[in-house]
file my_file_23.tsv (TSV, C-alpha atoms)
chain	number	residue	atom	x	y	z
A	1	MET	CA	1.54	-17.91	-7.65
A	2	ILE	CA	3.41	-15.19	-9.57
A	3	THR	CA	5.92	-13.20	-7.54
A	4	HIS	CA	7.71	-10.99	-10.06
A	5	TYR	CA	8.78	-10.17	-13.60
A	6	ALA	CA	11.93	-12.24	-14.04
A	7	ASN	CA	12.72	-10.90	-17.52
A	8	LEU	CA	11.31	-8.45	-20.02
A	9	GLU	CA	12.49	-8.79	-23.62
A	10	LEU	CA	11.94	-5.98	-26.11
A	11	LEU	CA	12.95	-5.39	-29.71
A	12	THR	CA	15.51	-2.79	-30.77
A	13	VAL	CA	16.84	-1.41	-34.03
A	14	SER	CA	20.24	-0.72	-32.45
A	15	ILE	CA	22.07	-2.97	-30.02
A	16	GLN	CA	24.76	-0.31	-29.67
A	17	GLY	CA	22.16	2.37	-28.96
A	18	VAL	CA	20.62	0.19	-26.25
A	19	LYS	CA	24.06	-0.48	-24.80
A	20	GLN	CA	24.82	3.23	-24.59
A	21	PHE	CA	21.50	4.06	-22.96
A	22	TYR	CA	21.10	1.25	-20.44
A	23	GLU	CA	24.75	0.75	-19.55
A	24	LYS	CA	26.03	4.32	-19.74
A	25	ALA	CA	22.94	6.38	-18.84
A	26	LEU	CA	21.07	4.03	-16.48
A	27	HIS	CA	24.27	2.33	-15.25
A	28	LEU	CA	22.88	-1.19	-15.50
A	29	GLU	CA	25.22	-4.16	-15.48
A	30	MET	CA	25.47	-5.88	-18.86
A	31	THR	CA	25.34	-9.67	-18.45
A	32	ASN	CA	25.21	-10.90	-22.06
A	33	GLU	CA	25.96	-9.43	-25.49
A	34	THR	CA	26.00	-10.84	-29.01
A	35	THR	CA	25.66	-9.15	-32.39
A	36	GLU	CA	21.85	-9.41	-32.16
A	37	PHE	CA	21.08	-9.62	-28.43
A	38	ILE	CA	21.96	-7.82	-25.22
A	39	GLN	CA	20.84	-8.30	-21.62
A	40	PHE	CA	21.18	-6.23	-18.44
A	41	ARG	CA	20.88	-7.05	-14.77
A	42	LEU	CA	18.29	-4.76	-13.19
A	43	THR	CA	18.14	-6.53	-9.81
A	44	PRO	CA	19.36	-9.90	-8.49
A	45	TYR	CA	15.97	-11.30	-9.56
A	46	SER	CA	15.20	-9.53	-12.84
A	47	THR	CA	16.76	-8.70	-16.20
A	48	LEU	CA	16.01	-6.52	-19.22
A	49	SER	CA	16.76	-8.02	-22.63
A	50	PHE	CA	16.79	-6.61	-26.15
A	51	LYS	CA	16.76	-8.47	-29.46
A	52	GLU	CA	17.70	-6.73	-32.68
A	53	SER	CA	14.91	-6.27	-35.21
A	54	TYR	CA	14.77	-5.17	-38.82
A	55	GLU	CA	11.16	-4.07	-38.47
A	56	PRO	CA	9.72	-0.81	-37.09
A	57	ILE	CA	9.47	-0.72	-33.29
A	58	LYS	CA	6.18	-0.22	-31.47
A	59	PRO	CA	7.23	1.51	-28.23
A	60	ALA	CA	6.52	-0.34	-25.00
A	61	HIS	CA	5.81	1.04	-21.55
A	62	PHE	CA	7.33	-0.38	-18.39
A	63	ALA	CA	7.99	0.91	-14.87
A	64	ILE	CA	10.85	0.19	-12.50
A	65	GLN	CA	10.15	0.28	-8.78
A	66	VAL	CA	12.96	2.08	-6.95
A	67	SER	CA	13.69	2.86	-3.33
A	68	TYR	CA	11.42	5.58	-1.98
A	69	GLN	CA	14.14	6.92	0.31
A	70	LEU	CA	16.60	7.09	-2.61
A	71	PHE	CA	14.19	8.21	-5.33
A	72	THR	CA	15.81	11.66	-5.55
A	73	ASN	CA	19.21	10.01	-6.04
A	74	ALA	CA	17.84	7.99	-8.97
A	75	VAL	CA	16.38	11.09	-10.61
A	76	THR	CA	19.66	12.95	-10.11
A	77	LEU	CA	21.48	10.06	-11.81
A	78	LEU	CA	19.19	10.37	-14.83
A	79	LYS	CA	19.76	14.11	-15.06
A	80	LYS	CA	23.54	13.78	-14.77
A	81	SER	CA	23.45	11.14	-17.52
A	82	GLY	CA	21.64	13.54	-19.85
A	83	VAL	CA	18.32	11.68	-19.82
A	84	PHE	CA	15.46	13.98	-20.78
A	85	LEU	CA	12.66	13.81	-18.21
A	86	LEU	CA	9.13	14.24	-19.52
A	87	ALA	CA	6.94	16.99	-18.09
A	88	GLN	CA	3.92	16.01	-16.00
A	89	ASN	CA	1.68	18.20	-13.84
A	90	GLU	CA	2.36	21.92	-14.31
A	91	GLY	CA	5.51	21.12	-16.26
A	92	ASN	CA	7.24	19.36	-13.38
A	93	PRO	CA	8.83	16.01	-14.37
A	94	ILE	CA	8.38	14.58	-10.86
A	95	ASP	CA	4.85	13.81	-9.74
A	96	GLU	CA	4.28	13.19	-6.02
A	97	HIS	CA	0.89	12.18	-4.65
A	98	ASN	CA	-0.27	10.24	-1.59
A	99	GLY	CA	3.06	8.60	-0.85
A	100	ARG	CA	3.89	7.87	-4.50
A	101	LYS	CA	6.59	9.49	-6.62
A	102	ASN	CA	7.28	8.91	-10.29
A	103	VAL	CA	9.11	10.24	-13.30
A	104	TYR	CA	8.88	9.34	-17.02
A	105	PHE	CA	11.51	9.28	-19.77
A	106	ARG	CA	12.17	7.54	-23.10
A	107	ASP	CA	14.99	5.30	-24.29
A	108	CYS	CA	16.75	5.17	-27.67
A	109	ASP	CA	13.92	3.16	-29.29
A	110	GLY	CA	11.16	5.41	-27.97
A	111	ASN	CA	10.04	3.06	-25.19
A	112	LEU	CA	8.31	4.93	-22.37
A	113	LEU	CA	10.07	4.16	-19.08
A	114	GLU	CA	9.00	5.14	-15.61
A	115	LEU	CA	10.73	5.20	-12.25
A	116	ILE	CA	8.16	4.82	-9.48
A	117	ALA	CA	8.42	4.66	-5.69
A	118	HIS	CA	5.91	4.13	-2.86
A	119	ASP	CA	6.38	4.98	0.80
A	120	TYR	CA	4.39	1.95	2.03
A	121	ILE	CA	6.94	-0.55	0.72
A	122	HIS	CA	9.10	-1.89	3.53
A	123	GLU	CA	12.54	-2.20	1.98
A	124	ASN	CA	13.97	-4.70	4.42
A	125	LYS	CA	14.05	-7.80	2.22
A	126	LEU	CA	14.74	-6.35	-1.21
A	127	LYS	CA	17.50	-3.78	-1.16
A	128	GLY	CA	17.85	-1.15	-3.87
A	129	TYR	CA	20.17	-2.59	-6.52
A	130	GLY	CA	22.75	-0.73	-8.58
A	131	LYS	CA	23.02	3.01	-8.99
A	132	LEU	CA	19.29	3.24	-9.75
A	133	ASN	CA	18.49	1.49	-6.45
A	134	ALA	CA	16.00	-0.67	-8.36
A	135	LEU	CA	13.77	-3.06	-6.41
A	136	TYR	CA	11.92	-4.82	-9.25
A	137	ILE	CA	10.13	-4.36	-12.55
A	138	ARG	CA	6.74	-3.14	-11.34
A	139	GLU	CA	4.71	-2.53	-14.48
A	140	VAL	CA	4.58	-3.74	-18.07
A	141	GLY	CA	2.00	-2.25	-20.41
A	142	PHE	CA	-0.31	-4.46	-22.49
A	143	PRO	CA	-2.50	-2.48	-24.90
A	144	VAL	CA	-5.25	-4.78	-26.23
A	145	LYS	CA	-8.46	-4.58	-28.22
A	146	ASP	CA	-10.53	-6.37	-25.57
A	147	VAL	CA	-9.43	-5.45	-22.04
A	148	GLY	CA	-11.97	-7.73	-20.36
A	149	LYS	CA	-10.94	-10.88	-22.22
A	150	PHE	CA	-7.21	-10.30	-21.72
A	151	ARG	CA	-7.72	-9.45	-18.03
A	152	SER	CA	-9.72	-12.64	-17.51
A	153	TRP	CA	-7.07	-14.69	-19.29
A	154	LEU	CA	-4.32	-13.36	-17.01
A	155	LYS	CA	-6.42	-14.19	-13.97
A	156	GLU	CA	-7.26	-17.71	-15.13
A	157	THR	CA	-3.81	-18.57	-16.48
A	158	PHE	CA	-1.53	-17.05	-13.84
A	159	ASN	CA	-3.89	-16.62	-10.89
A	160	MET	CA	-3.40	-12.85	-11.01
A	161	LYS	CA	-5.88	-10.47	-9.37
A	162	THR	CA	-7.49	-7.05	-9.61
A	163	ASP	CA	-8.87	-4.64	-7.04
A	164	GLU	CA	-11.61	-3.74	-9.48
A	165	ASP	CA	-12.38	-4.47	-13.12
A	166	ASP	CA	-12.61	-1.81	-15.78
A	167	ASP	CA	-12.90	-2.19	-19.56
A	168	TYR	CA	-10.54	0.71	-20.32
A	169	PHE	CA	-7.64	0.48	-17.81
A	170	ASN	CA	-6.74	-2.31	-15.36
A	171	PHE	CA	-3.93	-3.32	-13.05
A	172	VAL	CA	-3.80	-7.13	-13.08
A	173	ILE	CA	-1.45	-8.11	-10.27
A	174	GLY	CA	0.65	-11.07	-9.25
A	175	GLY	CA	3.09	-10.35	-6.42
A	176	THR	CA	5.25	-7.39	-7.44
A	177	ALA	CA	4.26	-7.76	-11.11
A	178	TYR	CA	1.61	-5.33	-12.33
A	179	ALA	CA	0.24	-5.96	-15.83
A	180	VAL	CA	-1.14	-2.64	-17.05
A	181	VAL	CA	-3.94	-3.82	-19.33
A	182	VAL	CA	-5.32	-0.91	-21.33
A	183	SER	CA	-7.49	-0.31	-24.33
A	184	GLU	CA	-5.57	0.53	-27.48
A	185	LYS	CA	-7.70	3.69	-27.54
A	186	ARG	CA	-6.16	4.94	-24.28
A	187	PRO	CA	-2.83	6.77	-24.77
A	188	TRP	CA	0.05	6.49	-22.30
A	189	ILE	CA	0.55	9.47	-20.02
A	190	PRO	CA	2.20	11.94	-19.68
A	191	ILE	CA	2.76	12.57	-23.41
A	192	ALA	CA	-0.39	10.96	-24.85
A	193	MET	CA	1.76	8.38	-26.67
A	194	LYS	CA	-0.40	6.03	-28.71
A	195	ALA	CA	-0.77	2.69	-26.91
A	196	LEU	CA	0.35	0.39	-29.72
A	197	PRO	CA	0.77	-3.32	-28.86
A	198	PRO	CA	4.55	-3.85	-28.63
A	199	ASN	CA	6.36	-7.04	-29.56
A	200	ILE	CA	7.54	-8.17	-26.13
A	201	LYS	CA	8.31	-11.39	-24.30
A	202	VAL	CA	7.56	-11.54	-20.59
A	203	THR	CA	9.00	-14.09	-18.18
A	204	LEU	CA	7.10	-14.42	-14.91
A	205	GLY	CA	8.79	-15.86	-11.84
A	206	THR	CA	7.11	-18.30	-9.47
A	207	PRO	CA	8.49	-20.08	-6.37
A	208	LEU	CA	6.26	-23.07	-7.16
A	209	PRO	CA	7.70	-26.07	-9.07
A	210	LEU	CA	6.56	-26.18	-12.69
A	211	THR	CA	4.84	-29.37	-13.79
A	212	ASN	CA	2.80	-28.28	-16.81
A	213	GLN	CA	2.77	-25.73	-19.64
A	214	GLN	CA	5.37	-22.99	-19.34
A	215	ASN	CA	4.88	-20.94	-22.54
A	216	PHE	CA	1.78	-19.00	-23.54
A	217	ILE	CA	0.64	-16.58	-26.26
A	218	ASN	CA	-2.34	-14.27	-26.08
A	219	SER	CA	-3.20	-11.16	-28.11
A	220	GLY	CA	0.26	-11.36	-29.70
A	221	TYR	CA	2.05	-11.25	-26.34
A	222	GLN	CA	4.43	-14.05	-25.39
A	223	PHE	CA	4.61	-15.21	-21.78
A	224	SER	CA	6.70	-17.84	-20.06
A	225	LEU	CA	6.94	-19.13	-16.51
A	226	VAL	CA	10.22	-19.82	-14.76
A	227	HIS	CA	10.82	-21.47	-11.40
A	228	THR	CA	12.52	-18.89	-9.15
A	229	PRO	CA	12.85	-20.40	-5.66
A	230	GLU	CA	15.22	-17.59	-4.67
A	231	PHE	CA	12.32	-15.09	-4.79
A	232	GLN	CA	10.12	-16.46	-2.05
A	233	HIS	CA	6.44	-15.77	-1.48
A	234	SER	CA	7.37	-14.44	1.97
A	235	PHE	CA	9.13	-11.51	0.28
A	236	LEU	CA	5.70	-10.12	-0.62
A	237	GLN	CA	4.66	-9.98	3.01
A	238	ASP	CA	8.02	-8.54	4.03
A	239	LEU	CA	7.53	-5.73	1.50
A	240	ARG	CA	4.10	-4.97	3.02
A	241	LEU	CA	2.40	-5.05	-0.36
A	242	PRO	CA	-1.38	-4.59	-0.65
A	243	PRO	CA	-3.51	-7.73	-0.13
A	244	VAL	CA	-4.34	-7.92	-3.84
A	245	CYS	CA	-0.69	-8.82	-4.53
A	246	TYR	CA	-0.91	-12.21	-2.75
call {"tool": "encode", "arguments": {"input": "my_file_23.tsv", "output": "structure tokens"}}
result
Amino acid sequence: MITHYANLELLTVSIQGVKQFYEKALHLEMTNETTEFIQFRLTPYSTLSFKESYEPIKPAHFAIQVSYQLFTNAVTLLKKSGVFLLAQNEGNPIDEHNGRKNVYFRDCDGNLLELIAHDYIHENKLKGYGKLNALYIREVGFPVKDVGKFRSWLKETFNMKTDEDDDYFNFVIGGTAYAVVVSEKRPWIPIAMKALPPNIKVTLGTPLPLTNQQNFINSGYQFSLVHTPEFQHSFLQDLRLPPVCY
């Protein structure tokens, strides 16, 4: 049983650039810094990490779930920090549809970030954290050559689920963690950014004790499992997530 993304590690060509963006613009708490590594606390249960690289960066896509009631506050924070918001429908950076709001922007390495909020989430167990009022890392993008094979591997390895299967774009879900499995031929909206497979390491949290393999590699992506008893399975019910999340 996967409950959440415990950590997402990306590459960067500038630790100082990352520090300026995530600490100064997004106002995240820095928890660790060396000459080649930096980490930020996004929520009490999740972190964002960056490791310095001397190779070109393939931009990643990930989405942060924020409080629906405080979504406007988060967007205002981005604007005040000078973050450029990407245009969506009819040139408006904020898209709102059927109880969902989102906004896209890019960081100093060109990664495509998204703030997303849903009105169905009952924010009684997980409170918005920090100035962004972040709840959890909701989405991480995984462009692959064979969507079906990678989707099936996630299901078999981590007991993740889908509402429906598609060979071009899939949400593969475990708790609050949505793996956005897409064909490399499908660009990321809203700027039609080429979906190149990024070099990322994903740590998935589970409340279950770990007794077997904890590290995995598939399609160039590195995954690890970590025992996170503090993030209980009951949180998913408290959040009133869709049935596919359980």
call {"tool": "closest_atom_pairs", "arguments": {"input": "my_file_23.tsv", "of": "region 1-69 of chain A", "to": "region 83-100 of chain A", "cutoff": "10 Å", "atoms": "all atoms listed in the file", "output": "Markdown table"}}
result
| residue | atom | partner | partner_atom | distance |
| --- | --- | --- | --- | --- |
| A:Phe21 | CA | A:Val83 | CA | 8.8 |
| A:Ala25 | CA | A:Val83 | CA | 7.1 |
| A:Leu26 | CA | A:Val83 | CA | 8.8 |
| A:Tyr68 | CA | A:Arg100 | CA | 8.3 |
call {"tool": "atom_distance", "arguments": {"input": "my_file_23.tsv", "atom1": "CA of Ser219 (chain A)", "atom2": "CA of His61 (chain A)"}}
result
16.5 Å
call {"tool": "residues_around", "arguments": {"input": "my_file_23.tsv", "residues": "region 112-127 of chain A", "least_positions_apart": "2", "cutoff": "6 Å", "atoms": "only C-alpha atoms", "output": "MDAnalysis selection string"}}
result
chainID A and resid 61:66 68 99:106 239:240
call {"tool": "closest_residue", "arguments": {"input": "my_file_23.tsv", "among": "A:Gly205, A:Pro243, A:Pro187, A:Gly148", "to": "Val226 (chain A)", "atoms": "all atoms listed in the file"}}
result
A:Gly205
call {"tool": "residues_around", "arguments": {"input": "my_file_23.tsv", "residues": "Thr157 (chain A)", "least_positions_apart": "3", "cutoff": "12 Å", "atoms": "only C-alpha atoms", "output": "PyMOL selection string"}}
result
chain A and resi 1-2+149-154+160-161+172+174+204+212-218+223-225
call {"tool": "residues_around", "arguments": {"input": "my_file_23.tsv", "residues": "Phe169 (chain A)", "least_positions_apart": "4", "cutoff": "7 Å", "atoms": "only C-alpha atoms", "output": "count of residues only"}}
result
3
call {"tool": "build_atoms", "arguments": {"input": "my_file_23.tsv", "residues": "region 145-164 of chain A", "atoms": "N, CA and C atoms", "output": "PDB file, keeping the file's coordinate frame"}}
result
ATOM      1  N   LYS A 145      -7.162  -4.986 -27.686  1.00  0.00           N
ATOM      2  CA  LYS A 145      -8.460  -4.580 -28.220  1.00  0.00           C
ATOM      3  C   LYS A 145      -9.585  -4.856 -27.232  1.00  0.00           C
ATOM      4  N   ASP A 146      -9.481  -5.979 -26.503  1.00  0.00           N
ATOM      5  CA  ASP A 146     -10.530  -6.370 -25.570  1.00  0.00           C
ATOM      6  C   ASP A 146      -9.912  -6.513 -24.172  1.00  0.00           C
ATOM      7  N   VAL A 147     -10.030  -5.463 -23.371  1.00  0.00           N
ATOM      8  CA  VAL A 147      -9.430  -5.450 -22.040  1.00  0.00           C
ATOM      9  C   VAL A 147     -10.010  -6.560 -21.170  1.00  0.00           C
ATOM     10  N   GLY A 148     -11.313  -6.745 -21.207  1.00  0.00           N
ATOM     11  CA  GLY A 148     -11.970  -7.730 -20.360  1.00  0.00           C
ATOM     12  C   GLY A 148     -11.484  -9.141 -20.616  1.00  0.00           C
ATOM     13  N   LYS A 149     -11.376  -9.527 -21.880  1.00  0.00           N
ATOM     14  CA  LYS A 149     -10.940 -10.880 -22.220  1.00  0.00           C
ATOM     15  C   LYS A 149      -9.480 -11.115 -21.806  1.00  0.00           C
ATOM     16  N   PHE A 150      -8.625 -10.138 -22.061  1.00  0.00           N
ATOM     17  CA  PHE A 150      -7.210 -10.300 -21.720  1.00  0.00           C
ATOM     18  C   PHE A 150      -7.025 -10.326 -20.203  1.00  0.00           C
ATOM     19  N   ARG A 151      -7.751  -9.461 -19.496  1.00  0.00           N
ATOM     20  CA  ARG A 151      -7.720  -9.450 -18.030  1.00  0.00           C
ATOM     21  C   ARG A 151      -8.134 -10.806 -17.472  1.00  0.00           C
ATOM     22  N   SER A 152      -9.228 -11.347 -17.985  1.00  0.00           N
ATOM     23  CA  SER A 152      -9.720 -12.640 -17.510  1.00  0.00           C
ATOM     24  C   SER A 152      -8.720 -13.749 -17.800  1.00  0.00           C
ATOM     25  N   TRP A 153      -8.077 -13.670 -18.946  1.00  0.00           N
ATOM     26  CA  TRP A 153      -7.070 -14.690 -19.290  1.00  0.00           C
ATOM     27  C   TRP A 153      -5.890 -14.659 -18.328  1.00  0.00           C
ATOM     28  N   LEU A 154      -5.419 -13.468 -17.979  1.00  0.00           N
ATOM     29  CA  LEU A 154      -4.320 -13.360 -17.010  1.00  0.00           C
ATOM     30  C   LEU A 154      -4.720 -13.941 -15.667  1.00  0.00           C
ATOM     31  N   LYS A 155      -5.938 -13.664 -15.246  1.00  0.00           N
ATOM     32  CA  LYS A 155      -6.420 -14.190 -13.970  1.00  0.00           C
ATOM     33  C   LYS A 155      -6.501 -15.707 -13.984  1.00  0.00           C
ATOM     34  N   GLU A 156      -7.066 -16.265 -15.052  1.00  0.00           N
ATOM     35  CA  GLU A 156      -7.260 -17.710 -15.130  1.00  0.00           C
ATOM     36  C   GLU A 156      -5.938 -18.455 -15.337  1.00  0.00           C
ATOM     37  N   THR A 157      -5.044 -17.878 -16.115  1.00  0.00           N
ATOM     38  CA  THR A 157      -3.810 -18.570 -16.480  1.00  0.00           C
ATOM     39  C   THR A 157      -2.746 -18.471 -15.403  1.00  0.00           C
ATOM     40  N   PHE A 158      -2.620 -17.286 -14.781  1.00  0.00           N
ATOM     41  CA  PHE A 158      -1.530 -17.050 -13.840  1.00  0.00           C
ATOM     42  C   PHE A 158      -2.012 -16.747 -12.425  1.00  0.00           C
ATOM     43  N   ASN A 159      -3.311 -16.877 -12.205  1.00  0.00           N
ATOM     44  CA  ASN A 159      -3.890 -16.620 -10.890  1.00  0.00           C
ATOM     45  C   ASN A 159      -3.589 -15.190 -10.418  1.00  0.00           C
ATOM     46  N   MET A 160      -3.591 -14.246 -11.358  1.00  0.00           N
ATOM     47  CA  MET A 160      -3.400 -12.850 -11.010  1.00  0.00           C
ATOM     48  C   MET A 160      -4.733 -12.246 -10.579  1.00  0.00           C
ATOM     49  N   LYS A 161      -4.684 -11.040  -9.987  1.00  0.00           N
ATOM     50  CA  LYS A 161      -5.880 -10.470  -9.370  1.00  0.00           C
ATOM     51  C   LYS A 161      -6.026  -8.989  -9.732  1.00  0.00           C
ATOM     52  N   THR A 162      -7.230  -8.483  -9.474  1.00  0.00           N
ATOM     53  CA  THR A 162      -7.490  -7.050  -9.610  1.00  0.00           C
ATOM     54  C   THR A 162      -8.247  -6.548  -8.397  1.00  0.00           C
ATOM     55  N   ASP A 163      -8.046  -5.277  -8.071  1.00  0.00           N
ATOM     56  CA  ASP A 163      -8.870  -4.640  -7.040  1.00  0.00           C
ATOM     57  C   ASP A 163     -10.273  -4.391  -7.565  1.00  0.00           C
ATOM     58  N   GLU A 164     -10.333  -3.961  -8.816  1.00  0.00           N
ATOM     59  CA  GLU A 164     -11.610  -3.740  -9.480  1.00  0.00           C
ATOM     60  C   GLU A 164     -11.397  -3.898 -10.968  1.00  0.00           C
TER      61      GLU A 164
END
